[in-house]
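Source file: protein08.txt. Holds: compact mmCIF, C-alpha atoms.
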```txt
# COMPACT_ATOMS: atom_id res chain seq x y z
CA CYS W 1 -0.84 38.05 24.58
CA ASN W 2 1.75 35.52 23.51
CA LYS W 3 2.50 33.65 26.75
CA VAL W 4 1.26 30.27 27.97
CA ARG W 5 2.40 28.52 31.13
CA LEU W 6 1.97 24.99 32.41
CA MET W 7 1.38 25.54 36.11
CA SER W 8 2.48 23.11 38.82
CA ASP W 9 -1.20 22.29 39.53
CA GLY W 10 -1.69 21.03 35.96
CA MET W 11 -3.41 24.12 34.57
CA LEU W 12 -2.35 25.34 31.15
CA LYS W 13 -2.56 29.08 31.72
CA LEU W 14 -3.41 30.67 28.38
CA CYS W 15 -2.54 34.24 29.29
CA LEU W 16 -0.58 35.54 32.27
CA GLY W 17 -3.26 38.15 32.88
CA HIS W 18 -6.36 35.91 32.66
CA ASN W 19 -8.03 33.69 35.26
CA ASP W 20 -8.97 30.93 32.84
CA GLY W 21 -6.99 28.03 31.50
CA THR W 22 -7.18 24.35 30.61
CA ASP W 23 -7.04 21.70 33.33
CA LEU W 24 -4.59 19.15 31.90
CA LYS W 25 -4.20 17.33 35.21
CA SER W 26 -7.84 16.25 35.18
CA LEU W 27 -7.48 15.04 31.61
CA LEU W 28 -4.40 13.02 32.52
CA ARG W 29 -6.04 11.54 35.61
CA SER W 30 -9.12 10.55 33.63
CA GLY W 31 -6.94 8.53 31.26
CA ALA W 32 -6.83 10.84 28.26
CA SER W 33 -4.65 9.58 25.43
CA ASP W 34 -1.71 11.55 24.03
CA GLU W 35 -3.88 12.46 21.04
CA GLU W 36 -6.65 13.80 23.30
CA LEU W 37 -4.16 15.85 25.31
CA LEU W 38 -2.64 17.26 22.15
CA TYR W 39 -6.10 18.13 20.83
CA HIS W 40 -7.00 20.02 24.05
CA ILE W 41 -3.67 21.85 24.13
CA LYS W 42 -3.95 22.91 20.47
CA ASP W 43 -7.61 23.86 20.83
CA SER W 44 -6.89 25.92 23.95
CA ILE W 45 -4.00 27.78 22.35
CA TYR W 46 -5.95 28.39 19.16
CA ASN W 47 -8.86 29.86 21.17
CA LYS W 48 -6.80 31.75 23.75
CA PRO W 49 -7.47 35.44 24.43
CA LYS W 50 -6.03 37.81 21.86
CA GLU W 51 -4.96 40.30 24.52
CA HIS W 52 -4.54 40.43 28.27
CA GLU W 53 -7.37 42.81 29.33
CA PHE W 54 -5.53 43.99 32.47
CA LEU W 55 -8.01 46.87 32.71
CA ASN W 56 -10.99 44.48 32.97
CA ALA W 57 -11.01 43.52 36.66
CA GLU W 58 -13.50 40.67 36.12
CA ASN W 59 -11.14 38.64 33.90
CA THR W 60 -7.82 39.70 35.41
CA ASP W 61 -5.89 37.16 37.44
CA LYS W 62 -4.92 38.49 40.87
CA THR W 63 -2.16 35.88 41.34
CA PRO W 64 1.25 37.55 41.75
CA MET W 65 3.50 37.14 38.71
CA SER W 66 6.12 35.48 40.92
CA GLU W 67 3.66 32.60 41.44
CA ILE W 68 2.67 32.43 37.77
CA GLY W 69 6.23 32.44 36.48
CA GLY W 70 5.86 35.59 34.39
```
Write-out of the structure in structure tokens:
Amino acid sequence: CNKVRLMSDGMLKLCLGHNDGTDLKSLLRSGASDEELLYHIKDSIYNKPKEHEFLNAENTDKTPMSEIGG
């Protein structure tokens, strides 16, 4: 999986096929510095899933790709 998306709700979606992500909006609203944001973005991307797991229904995002931007 080599895709990340910044969603309109502030979530950094780490894989188009996964439910999880990083909530950047909450970090921004809590007053996180640029350095803190950069740390969370880098950490999230470094630890993102290695593959999409579309066959694992528990982790698979049910959001249509047209809403994700993929």
Excluding segment 32-42 of chain W and any residue of its chain fewer than 3 positions from it, enumerate the residues within 12 Å of it, using all atoms listed in the file, and give them as a compact mmCIF listing (two decimals) with C-alpha atoms, keeping the file's coordinate frame.
```txt
# COMPACT_ATOMS: atom_id res chain seq x y z
CA VAL W 4 1.26 30.27 27.97
CA ARG W 5 2.40 28.52 31.13
CA LEU W 6 1.97 24.99 32.41
CA MET W 11 -3.41 24.12 34.57
CA LEU W 12 -2.35 25.34 31.15
CA LYS W 13 -2.56 29.08 31.72
CA LEU W 14 -3.41 30.67 28.38
CA GLY W 21 -6.99 28.03 31.50
CA THR W 22 -7.18 24.35 30.61
CA ASP W 23 -7.04 21.70 33.33
CA LEU W 24 -4.59 19.15 31.90
CA LYS W 25 -4.20 17.33 35.21
CA SER W 26 -7.84 16.25 35.18
CA LEU W 27 -7.48 15.04 31.61
CA LEU W 28 -4.40 13.02 32.52
CA ARG W 29 -6.04 11.54 35.61
CA ILE W 45 -4.00 27.78 22.35
CA TYR W 46 -5.95 28.39 19.16
CA ASN W 47 -8.86 29.86 21.17
CA LYS W 48 -6.80 31.75 23.75
```
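When the distance limit is 12 Å and all atoms listed in the file are what count, the residues near Lys50 of chain W, minus those fewer than 6 positions from it on the same chain, are W:Cys1, W:Asn2, W:Lys3, W:Leu14, W:Cys15, W:Leu16, W:Gly17, W:His18.
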5 Å per side around segment 12-28 of chain W: axis-aligned box centre and edge lengths, as lines of an AutoDock Vina configuration file:
```
center_x = -4.8
center_y = 25.6
center_z = 31.8
size_x = 18.4
size_y = 35.1
size_z = 16.9
```
